[in-house]
$ cat upload34.pdb   # PDB, C-alpha atoms, pLDDT in the B column
ATOM      1  CA  MET A1453     -19.511  19.739 -60.737  1.00 62.00           C
ATOM      2  CA  THR A1454     -18.064  17.296 -63.167  1.00 76.00           C
ATOM      3  CA  VAL A1455     -18.508  13.570 -63.389  1.00 75.00           C
ATOM      4  CA  LEU A1456     -14.924  13.011 -62.203  1.00 77.00           C
ATOM      5  CA  ASP A1457     -15.229  15.024 -58.949  1.00 84.00           C
ATOM      6  CA  ARG A1458     -16.912  12.238 -56.993  1.00 85.00           C
ATOM      7  CA  PRO A1459     -14.380   9.463 -57.844  1.00 86.00           C
ATOM      8  CA  ALA A1460     -11.501  11.876 -57.226  1.00 87.00           C
ATOM      9  CA  SER A1461     -12.935  12.734 -53.815  1.00 90.00           C
ATOM     10  CA  LEU A1462     -13.277   9.031 -52.954  1.00 89.00           C
ATOM     11  CA  ALA A1463      -9.693   8.392 -54.048  1.00 91.00           C
ATOM     12  CA  ARG A1464      -8.396  11.268 -51.885  1.00 92.00           C
ATOM     13  CA  ASP A1465     -10.354   9.920 -48.883  1.00 93.00           C
ATOM     14  CA  ALA A1466      -8.935   6.434 -49.425  1.00 93.00           C
ATOM     15  CA  VAL A1467      -5.374   7.801 -49.612  1.00 93.00           C
ATOM     16  CA  ARG A1468      -5.912   9.782 -46.388  1.00 94.00           C
ATOM     17  CA  THR A1469      -7.357   6.731 -44.605  1.00 94.00           C
ATOM     18  CA  LEU A1470      -4.492   4.526 -45.750  1.00 92.00           C
ATOM     19  CA  GLY A1471      -2.018   7.175 -44.590  1.00 93.00           C
ATOM     20  CA  ARG A1472      -3.691   7.292 -41.166  1.00 94.00           C
ATOM     21  CA  PHE A1473      -3.556   3.510 -40.827  1.00 92.00           C
ATOM     22  CA  GLY A1474       0.071   3.522 -41.905  1.00 93.00           C
ATOM     23  CA  ARG A1475       1.017   6.159 -39.330  1.00 94.00           C
ATOM     24  CA  TYR A1476      -0.947   4.296 -36.642  1.00 95.00           C
ATOM     25  CA  GLY A1477       0.787   1.025 -37.475  1.00 94.00           C
ATOM     26  CA  ALA A1478       4.227   2.623 -37.526  1.00 94.00           C
ATOM     27  CA  SER A1479       3.712   4.405 -34.192  1.00 95.00           C
ATOM     28  CA  THR A1480       2.359   1.224 -32.592  1.00 94.00           C
ATOM     29  CA  VAL A1481       5.350  -0.797 -33.742  1.00 93.00           C
ATOM     30  CA  LEU A1482       7.796   1.898 -32.601  1.00 92.00           C
ATOM     31  CA  GLY A1483       6.034   2.181 -29.231  1.00 90.00           C
ATOM     32  CA  LYS A1484       6.188  -1.572 -28.647  1.00 90.00           C
ATOM     33  CA  ALA A1485       9.866  -1.610 -29.615  1.00 89.00           C
ATOM     34  CA  ASP A1486      10.600   1.194 -27.124  1.00 87.00           C
ATOM     35  CA  ALA A1487       8.650  -0.647 -24.418  1.00 84.00           C
ATOM     36  CA  ILE A1488      10.696  -3.777 -25.016  1.00 85.00           C
ATOM     37  CA  ARG A1489      13.957  -1.858 -25.080  1.00 83.00           C
ATOM     38  CA  HIS A1490      13.316   0.376 -22.036  1.00 81.00           C
ATOM     39  CA  GLY A1491      10.494  -1.199 -20.065  1.00 71.00           C
ATOM     40  CA  GLN A1492      10.662  -3.488 -17.056  1.00 65.00           C
ATOM     41  CA  ARG A1493       8.146  -6.241 -16.535  1.00 66.00           C
ATOM     42  CA  GLY A1494       9.281  -7.233 -13.046  1.00 67.00           C
ATOM     43  CA  PRO A1495       8.911  -5.345  -9.786  1.00 70.00           C
ATOM     44  CA  LYS A1496      10.373  -1.873  -9.561  1.00 75.00           C
ATOM     45  CA  ALA A1497      13.348  -1.530  -7.266  1.00 72.00           C
ATOM     46  CA  ASP A1498      13.245   0.734  -4.183  1.00 77.00           C
ATOM     47  CA  MET A1499       9.466   1.240  -4.055  1.00 84.00           C
ATOM     48  CA  ASP A1500       8.452   2.474  -0.603  1.00 89.00           C
ATOM     49  CA  ASP A1501       5.307   1.327   1.187  1.00 90.00           C
ATOM     50  CA  ALA A1502       3.307   4.516   0.568  1.00 92.00           C
ATOM     51  CA  THR A1503       3.935   4.349  -3.182  1.00 92.00           C
ATOM     52  CA  LEU A1504       3.030   0.667  -3.238  1.00 92.00           C
ATOM     53  CA  ALA A1505      -0.202   1.388  -1.349  1.00 93.00           C
ATOM     54  CA  ARG A1506      -1.191   4.020  -3.940  1.00 94.00           C
ATOM     55  CA  LYS A1507      -0.336   1.607  -6.762  1.00 93.00           C
ATOM     56  CA  VAL A1508      -2.467  -1.143  -5.217  1.00 93.00           C
ATOM     57  CA  GLU A1509      -5.349   1.308  -4.691  1.00 93.00           C
ATOM     58  CA  THR A1510      -5.115   2.316  -8.345  1.00 92.00           C
ATOM     59  CA  GLU A1511      -5.360  -1.319  -9.424  1.00 91.00           C
ATOM     60  CA  LEU A1512      -8.195  -2.149  -7.000  1.00 91.00           C
ATOM     61  CA  PHE A1513     -10.388   0.886  -7.461  1.00 90.00           C
ATOM     62  CA  ARG A1514     -10.022   1.380 -11.230  1.00 90.00           C
ATOM     63  CA  ALA A1515     -13.344  -0.348 -11.982  1.00 86.00           C
ATOM     64  CA  PRO A1516     -16.438   1.822 -11.556  1.00 86.00           C
ATOM     65  CA  ASP A1517     -18.204  -0.786  -9.402  1.00 84.00           C
ATOM     66  CA  SER A1518     -15.318  -1.227  -6.948  1.00 85.00           C
ATOM     67  CA  PRO A1519     -15.935  -0.581  -3.214  1.00 86.00           C
ATOM     68  CA  LYS A1520     -13.847   2.625  -3.029  1.00 85.00           C
ATOM     69  CA  GLY A1521     -15.187   3.966   0.247  1.00 86.00           C
ATOM     70  CA  LYS A1522     -15.472   0.624   2.007  1.00 89.00           C
ATOM     71  CA  VAL A1523     -11.958  -0.866   1.657  1.00 92.00           C
ATOM     72  CA  ASP A1524      -8.718   0.407   3.201  1.00 93.00           C
ATOM     73  CA  VAL A1525      -5.273  -0.538   1.917  1.00 93.00           C
ATOM     74  CA  ASN A1526      -2.274  -0.586   4.278  1.00 93.00           C
ATOM     75  CA  VAL A1527       1.240  -1.693   3.347  1.00 93.00           C
ATOM     76  CA  ALA A1528       4.087  -2.675   5.662  1.00 91.00           C
ATOM     77  CA  GLU A1529       7.358  -3.958   4.206  1.00 88.00           C
ATOM     78  CA  GLY A1530       5.696  -4.971   0.929  1.00 89.00           C
ATOM     79  CA  ILE A1531       2.853  -6.899   2.597  1.00 92.00           C
ATOM     80  CA  VAL A1532      -0.569  -5.490   1.739  1.00 94.00           C
ATOM     81  CA  GLU A1533      -3.354  -5.562   4.302  1.00 94.00           C
ATOM     82  CA  LEU A1534      -6.939  -5.174   3.067  1.00 93.00           C
ATOM     83  CA  ARG A1535      -9.563  -4.085   5.599  1.00 92.00           C
ATOM     84  CA  GLY A1536     -13.203  -3.208   5.165  1.00 91.00           C
ATOM     85  CA  GLU A1537     -16.549  -4.483   3.899  1.00 91.00           C
ATOM     86  CA  VAL A1538     -17.442  -6.172   0.623  1.00 91.00           C
ATOM     87  CA  LYS A1539     -20.794  -7.317  -0.749  1.00 90.00           C
ATOM     88  CA  ASN A1540     -20.056 -10.989  -1.384  1.00 90.00           C
ATOM     89  CA  PRO A1541     -17.297 -13.604  -1.063  1.00 91.00           C
ATOM     90  CA  ALA A1542     -16.560 -13.474  -4.801  1.00 92.00           C
ATOM     91  CA  GLN A1543     -15.726  -9.769  -4.545  1.00 91.00           C
ATOM     92  CA  LYS A1544     -13.462 -10.467  -1.557  1.00 91.00           C
ATOM     93  CA  LYS A1545     -11.564 -13.105  -3.504  1.00 93.00           C
ATOM     94  CA  ALA A1546     -11.391 -10.958  -6.655  1.00 92.00           C
ATOM     95  CA  LEU A1547      -9.869  -8.030  -4.740  1.00 92.00           C
ATOM     96  CA  GLU A1548      -7.231 -10.287  -3.197  1.00 93.00           C
ATOM     97  CA  GLU A1549      -6.357 -11.755  -6.613  1.00 93.00           C
ATOM     98  CA  ARG A1550      -5.962  -8.271  -8.112  1.00 92.00           C
ATOM     99  CA  VAL A1551      -3.597  -7.284  -5.299  1.00 93.00           C
ATOM    100  CA  ARG A1552      -1.514 -10.422  -5.814  1.00 93.00           C
ATOM    101  CA  LYS A1553      -1.027  -9.531  -9.500  1.00 92.00           C
ATOM    102  CA  VAL A1554       0.909  -6.352  -8.595  1.00 90.00           C
ATOM    103  CA  PRO A1555       4.566  -7.428  -9.000  1.00 89.00           C
ATOM    104  CA  GLU A1556       5.921  -5.445  -6.021  1.00 89.00           C
ATOM    105  CA  VAL A1557       3.529  -7.070  -3.504  1.00 91.00           C
ATOM    106  CA  ARG A1558       5.302  -9.642  -1.321  1.00 90.00           C
ATOM    107  CA  GLY A1559       2.164 -10.899   0.439  1.00 92.00           C
ATOM    108  CA  VAL A1560      -1.509 -10.179   1.125  1.00 94.00           C
ATOM    109  CA  ASN A1561      -3.292 -10.210   4.472  1.00 93.00           C
ATOM    110  CA  ASN A1562      -6.991 -10.206   3.564  1.00 91.00           C
ATOM    111  CA  LEU A1563      -9.064  -8.929   6.498  1.00 91.00           C
ATOM    112  CA  LEU A1564     -12.122  -8.048   4.402  1.00 91.00           C
ATOM    113  CA  HIS A1565     -15.504  -9.147   5.720  1.00 89.00           C
ATOM    114  CA  LEU A1566     -19.022  -9.299   4.366  1.00 89.00           C
ATOM    115  CA  SER A1567     -21.572  -6.594   5.086  1.00 84.00           C
ATOM    116  CA  LYS A1568     -23.497  -7.015   8.341  1.00 81.00           C
ATOM    117  CA  THR A1569     -20.882  -9.385   9.779  1.00 80.00           C
ATOM    118  CA  PRO A1570     -18.286  -8.439  12.386  1.00 77.00           C
ATOM    119  CA  ALA A1571     -14.750  -7.709  11.296  1.00 74.00           C
ATOM    120  CA  PRO A1572     -12.483 -10.748  11.676  1.00 70.00           C
ATOM    121  CA  THR A1573     -10.071  -8.908  13.962  1.00 68.00           C
ATOM    122  CA  ARG A1574     -12.670  -7.698  16.456  1.00 65.00           C
ATOM    123  CA  ALA A1575     -12.508  -9.169  19.932  1.00 65.00           C
ATOM    124  CA  ASP A1576     -16.275  -9.703  20.093  1.00 62.00           C
ATOM    125  CA  ALA A1577     -16.433 -11.606  16.784  1.00 60.00           C
ATOM    126  CA  PRO A1578     -17.625 -15.204  17.012  1.00 61.00           C
ATOM    127  CA  GLY A1579     -14.845 -17.792  17.229  1.00 60.00           C
ATOM    128  CA  ARG A1580     -15.162 -19.031  13.658  1.00 59.00           C
ATOM    129  CA  ALA A1581     -15.154 -15.460  12.273  1.00 58.00           C
ATOM    130  CA  LYS A1582     -11.940 -14.474  14.000  1.00 60.00           C
ATOM    131  CA  ARG A1583      -8.964 -14.493  11.730  1.00 59.00           C
ATOM    132  CA  THR A1584      -5.509 -15.260  12.928  1.00 57.00           C
ATOM    133  CA  THR A1585      -2.729 -13.414  11.225  1.00 55.00           C
ATOM    134  CA  PRO A1586       0.668 -15.045  10.764  1.00 54.00           C
ATOM    135  CA  GLU A1587       1.950 -13.061  13.743  1.00 51.00           C
ATOM    136  CA  THR A1588      -0.816 -14.321  16.060  1.00 47.00           C
ATOM    137  CA  LYS A1589      -0.748 -18.002  15.091  1.00 50.00           C
ATOM    138  CA  ASP A1590       1.977 -18.712  17.615  1.00 51.00           C
ATOM    139  CA  LYS A1591       0.152 -18.976  20.940  1.00 56.00           C
ATOM    140  CA  THR A1592       3.266 -18.656  23.100  1.00 58.00           C
ATOM    141  CA  PRO A1593       3.926 -15.067  24.123  1.00 56.00           C
ATOM    142  CA  ARG A1594       7.189 -13.520  23.109  1.00 57.00           C
ATOM    143  CA  ARG A1595       9.654 -13.066  25.908  1.00 59.00           C
ATOM    144  CA  SER A1596      12.872 -11.194  25.634  1.00 56.00           C
ATOM    145  CA  GLY A1597      15.572 -11.314  28.203  1.00 57.00           C
ATOM    146  CA  GLY A1598      17.043  -8.177  29.706  1.00 58.00           C
ATOM    147  CA  ARG A1599      16.597  -4.709  28.312  1.00 55.00           C
ATOM    148  CA  THR A1600      13.998  -3.949  25.688  1.00 57.00           C
ATOM    149  CA  THR A1601      15.596  -0.683  24.572  1.00 61.00           C
ATOM    150  CA  ALA A1602      19.077   0.395  23.641  1.00 61.00           C
ATOM    151  CA  GLU A1603      19.236   3.026  26.408  1.00 63.00           C
ATOM    152  CA  ARG A1604      22.453   3.080  28.360  1.00 70.00           C
ATOM    153  CA  THR A1605      23.181   4.983  31.520  1.00 71.00           C
ATOM    154  CA  VAL A1606      25.513   7.923  31.030  1.00 76.00           C
ATOM    155  CA  PRO A1607      27.902   8.909  33.817  1.00 80.00           C
ATOM    156  CA  GLY A1608      27.078  12.351  35.248  1.00 80.00           C
ATOM    157  CA  ALA A1609      23.527  12.395  33.849  1.00 81.00           C
ATOM    158  CA  GLU A1610      20.535  13.158  36.035  1.00 81.00           C
ATOM    159  CA  PRO A1611      19.030  10.098  37.731  1.00 80.00           C
ATOM    160  CA  SER A1612      16.343   8.129  35.957  1.00 80.00           C
ATOM    161  CA  PRO A1613      12.867   7.779  37.492  1.00 80.00           C
ATOM    162  CA  THR A1614      13.711   4.184  38.458  1.00 81.00           C
ATOM    163  CA  GLU A1615      16.858   5.304  40.292  1.00 83.00           C
ATOM    164  CA  LEU A1616      14.912   8.066  42.082  1.00 85.00           C
ATOM    165  CA  ARG A1617      12.270   5.562  43.168  1.00 85.00           C
ATOM    166  CA  GLU A1618      14.885   3.170  44.486  1.00 88.00           C
ATOM    167  CA  ALA A1619      16.512   6.015  46.464  1.00 89.00           C
ATOM    168  CA  GLY A1620      13.128   7.003  47.932  1.00 87.00           C
ATOM    169  CA  GLN A1621      13.165  10.440  46.294  1.00 85.00           C
ATOM    170  CA  GLY A1622      10.454  12.100  44.284  1.00 79.00           C
ATOM    171  CA  ARG A1623      10.549  13.854  40.987  1.00 75.00           C
ATOM    172  CA  GLN A1624      13.050  16.695  40.798  1.00 72.00           C
ATOM    173  CA  ALA A1625      12.023  20.223  39.892  1.00 77.00           C
ATOM    174  CA  ALA A1626      12.889  21.473  36.413  1.00 75.00           C
ATOM    175  CA  PRO A1627      15.768  23.934  36.223  1.00 73.00           C
ATOM    176  CA  LEU A1628      14.638  27.532  35.774  1.00 78.00           C
ATOM    177  CA  GLY A1629      17.624  28.885  33.941  1.00 71.00           C
ATOM    178  CA  GLY A1630      21.309  28.704  33.362  1.00 64.00           C
ATOM    179  CA  GLU A1631      23.969  29.521  35.941  1.00 65.00           C
ATOM    180  CA  GLU A1632      24.827  32.787  34.225  1.00 64.00           C
ATOM    181  CA  ASP A1633      21.264  34.122  34.624  1.00 53.00           C
ATOM    182  CA  THR A1634      21.300  36.273  37.751  1.00 54.00           C
ATOM    183  CA  ALA A1635      18.546  38.700  36.784  1.00 52.00           C
TER     184      ALA A1635
END

$ encode --input "upload34.pdb" --output "structure tokens"
Amino acid sequence: MTVLDRPASLARDAVRTLGRFGRYGASTVLGKADAIRHGQRGPKADMDDATLARKVETELFRAPDSPKGKVDVNVAEGIVELRGEVKNPAQKKALEERVRKVPEVRGVNNLLHLSKTPAPTRADAPGRAKRTTPETKDKTPRRSGGRTTAERTVPGAEPSPTELREAGQGRQAAPLGGEEDTA
């Protein structure tokens, strides 16, 4: 081993390290440029409710101390509903804030409750613990006039149960076969 082996080895290591940093820097800059050119920061178009629910669950339950088995996530038309138990009010608020940060979420209905307290939607919950959702705030019942379905009577069809009742007849027997069956 000569006296010059050690400095030469250090120089080779320095060149390798500089090369690694250079490649890292170049790939980082190229990756950021691609993200700017191709990436979207806003909400993704045409995301269905099931996909949004999985995305929200990923955001909520990423932390190791998150209440994975205690909180349920439901989504309907972009509105996220959180149900379940949390340990303290700060955790309840933190979960709601994390859901609101997801760009595709249109609204949050937080029905989380603290451990050893009744759920806010239970009928036997105390008055102050009950939570009213936007749909239940209006105390007047909904009334619709006329038919509630799009069913129309078809000429020549068998009579409906209402028509049979009005005629004083009972339920008709099911047909046992077609007309061509004579066996």

$ resolve_selection --input "upload34.pdb" --expression "the PyMOL selection byres ((chain A and resi 1561) around 7)" --output "list in words"
Val1532, Glu1533, Leu1534, Gly1559, Val1560, Asn1562 and Leu1563 of chain A

$ resolve_selection --input "upload34.pdb" --expression "the PyMOL selection byres ((chain A and resi 1557) around 12)" --output "PyMOL selection string"
chain A and resi 1494-1497+1499-1501+1503-1505+1507-1508+1526-1533+1548-1556+1558-1561

$ atom_distance --input "upload34.pdb" --atom1 "atom CA of A:Leu1564" --atom2 "atom CA of A:Ala1546"
11.5 Å

$ residues_around --input "upload34.pdb" --residues "A:Gln1624" --least-positions-apart "2" --cutoff "10 Å" --atoms "all atoms listed in the file" --output "PyMOL selection string"
chain A and resi 1610-1611+1613+1616+1621-1622+1626-1627

$ axis_aligned_box --input "upload34.pdb" --around "stretch 1483-1489 of chain A" --padding-each-side "5 Å" --output "JSON"
{"center_x": 10.0, "center_y": -0.8, "center_z": -27.0, "size_x": 17.9, "size_y": 16.0, "size_z": 15.2}

$ atom_distance --input "upload34.pdb" --atom1 "atom CA of A:Pro1516" --atom2 "atom CA of A:Lys1544"
16.1 Å

$ resolve_selection --input "upload34.pdb" --expression "the PyMOL selection byres ((chain A and resi 1537) around 12)" --output "PDB file with C-alpha atoms, keeping the file's coordinate frame"
ATOM      1  CA  SER A1518     -15.318  -1.227  -6.948  1.00 85.00           C
ATOM      2  CA  PRO A1519     -15.935  -0.581  -3.214  1.00 86.00           C
ATOM      3  CA  LYS A1520     -13.847   2.625  -3.029  1.00 85.00           C
ATOM      4  CA  GLY A1521     -15.187   3.966   0.247  1.00 86.00           C
ATOM      5  CA  LYS A1522     -15.472   0.624   2.007  1.00 89.00           C
ATOM      6  CA  VAL A1523     -11.958  -0.866   1.657  1.00 92.00           C
ATOM      7  CA  ASP A1524      -8.718   0.407   3.201  1.00 93.00           C
ATOM      8  CA  LEU A1534      -6.939  -5.174   3.067  1.00 93.00           C
ATOM      9  CA  ARG A1535      -9.563  -4.085   5.599  1.00 92.00           C
ATOM     10  CA  GLY A1536     -13.203  -3.208   5.165  1.00 91.00           C
ATOM     11  CA  VAL A1538     -17.442  -6.172   0.623  1.00 91.00           C
ATOM     12  CA  LYS A1539     -20.794  -7.317  -0.749  1.00 90.00           C
ATOM     13  CA  ASN A1540     -20.056 -10.989  -1.384  1.00 90.00           C
ATOM     14  CA  PRO A1541     -17.297 -13.604  -1.063  1.00 91.00           C
ATOM     15  CA  GLN A1543     -15.726  -9.769  -4.545  1.00 91.00           C
ATOM     16  CA  LYS A1544     -13.462 -10.467  -1.557  1.00 91.00           C
ATOM     17  CA  LEU A1547      -9.869  -8.030  -4.740  1.00 92.00           C
ATOM     18  CA  ASN A1562      -6.991 -10.206   3.564  1.00 91.00           C
ATOM     19  CA  LEU A1563      -9.064  -8.929   6.498  1.00 91.00           C
ATOM     20  CA  LEU A1564     -12.122  -8.048   4.402  1.00 91.00           C
ATOM     21  CA  HIS A1565     -15.504  -9.147   5.720  1.00 89.00           C
ATOM     22  CA  LEU A1566     -19.022  -9.299   4.366  1.00 89.00           C
ATOM     23  CA  SER A1567     -21.572  -6.594   5.086  1.00 84.00           C
ATOM     24  CA  LYS A1568     -23.497  -7.015   8.341  1.00 81.00           C
ATOM     25  CA  THR A1569     -20.882  -9.385   9.779  1.00 80.00           C
ATOM     26  CA  PRO A1570     -18.286  -8.439  12.386  1.00 77.00           C
ATOM     27  CA  ALA A1571     -14.750  -7.709  11.296  1.00 74.00           C
ATOM     28  CA  PRO A1572     -12.483 -10.748  11.676  1.00 70.00           C
TER      29      PRO A1572
END

$ atom_distance --input "upload34.pdb" --atom1 "atom CA of A:Ser1479" --atom2 "atom CA of A:Val1467"
18.2 Å

$ build_atoms --input "upload34.pdb" --residues "stretch 1512-1527 of chain A" --atoms "N, CA and C atoms" --output "mmCIF file, in the frame of the given file"
data_model
loop_
_atom_site.group_PDB
_atom_site.id
_atom_site.type_symbol
_atom_site.label_atom_id
_atom_site.label_comp_id
_atom_site.auth_asym_id
_atom_site.auth_seq_id
_atom_site.Cartn_x
_atom_site.Cartn_y
_atom_site.Cartn_z
ATOM 1 N N LEU A 1512 -6.945 -1.660 -7.592
ATOM 2 C CA LEU A 1512 -8.195 -2.149 -7.000
ATOM 3 C C LEU A 1512 -9.398 -1.305 -7.387
ATOM 4 N N PHE A 1513 -9.243 -0.007 -7.341
ATOM 5 C CA PHE A 1513 -10.388 0.886 -7.461
ATOM 6 C C PHE A 1513 -10.548 1.475 -8.852
ATOM 7 N N ARG A 1514 -9.912 0.888 -9.853
ATOM 8 C CA ARG A 1514 -10.022 1.380 -11.230
ATOM 9 C C ARG A 1514 -11.417 1.125 -11.784
ATOM 10 N N ALA A 1515 -12.019 -0.004 -11.464
ATOM 11 C CA ALA A 1515 -13.344 -0.348 -11.982
ATOM 12 C C ALA A 1515 -14.398 0.552 -11.350
ATOM 13 N N PRO A 1516 -15.413 0.926 -12.115
ATOM 14 C CA PRO A 1516 -16.438 1.822 -11.556
ATOM 15 C C PRO A 1516 -17.285 1.188 -10.456
ATOM 16 N N ASP A 1517 -17.385 -0.135 -10.424
ATOM 17 C CA ASP A 1517 -18.204 -0.786 -9.402
ATOM 18 C C ASP A 1517 -17.394 -1.245 -8.195
ATOM 19 N N SER A 1518 -16.164 -0.800 -8.072
ATOM 20 C CA SER A 1518 -15.318 -1.227 -6.948
ATOM 21 C C SER A 1518 -15.735 -0.520 -5.653
ATOM 22 N N PRO A 1519 -15.510 -1.158 -4.503
ATOM 23 C CA PRO A 1519 -15.935 -0.581 -3.214
ATOM 24 C C PRO A 1519 -14.941 0.458 -2.690
ATOM 25 N N LYS A 1520 -14.862 1.608 -3.343
ATOM 26 C CA LYS A 1520 -13.847 2.625 -3.029
ATOM 27 C C LYS A 1520 -13.913 3.108 -1.588
ATOM 28 N N GLY A 1521 -15.073 3.407 -1.088
ATOM 29 C CA GLY A 1521 -15.187 3.966 0.247
ATOM 30 C C GLY A 1521 -15.246 2.928 1.355
ATOM 31 N N LYS A 1522 -15.275 1.668 1.013
ATOM 32 C CA LYS A 1522 -15.472 0.624 2.007
ATOM 33 C C LYS A 1522 -14.211 -0.187 2.306
ATOM 34 N N VAL A 1523 -13.159 -0.050 1.499
ATOM 35 C CA VAL A 1523 -11.958 -0.866 1.657
ATOM 36 C C VAL A 1523 -10.757 0.039 1.897
ATOM 37 N N ASP A 1524 -9.963 -0.312 2.907
ATOM 38 C CA ASP A 1524 -8.718 0.407 3.201
ATOM 39 C C ASP A 1524 -7.543 -0.474 2.821
ATOM 40 N N VAL A 1525 -6.487 0.176 2.313
ATOM 41 C CA VAL A 1525 -5.273 -0.538 1.917
ATOM 42 C C VAL A 1525 -4.126 -0.026 2.768
ATOM 43 N N ASN A 1526 -3.462 -0.917 3.493
ATOM 44 C CA ASN A 1526 -2.274 -0.586 4.278
ATOM 45 C C ASN A 1526 -1.138 -1.476 3.805
ATOM 46 N N VAL A 1527 0.077 -0.924 3.782
ATOM 47 C CA VAL A 1527 1.240 -1.693 3.347
ATOM 48 C C VAL A 1527 2.339 -1.547 4.392
#
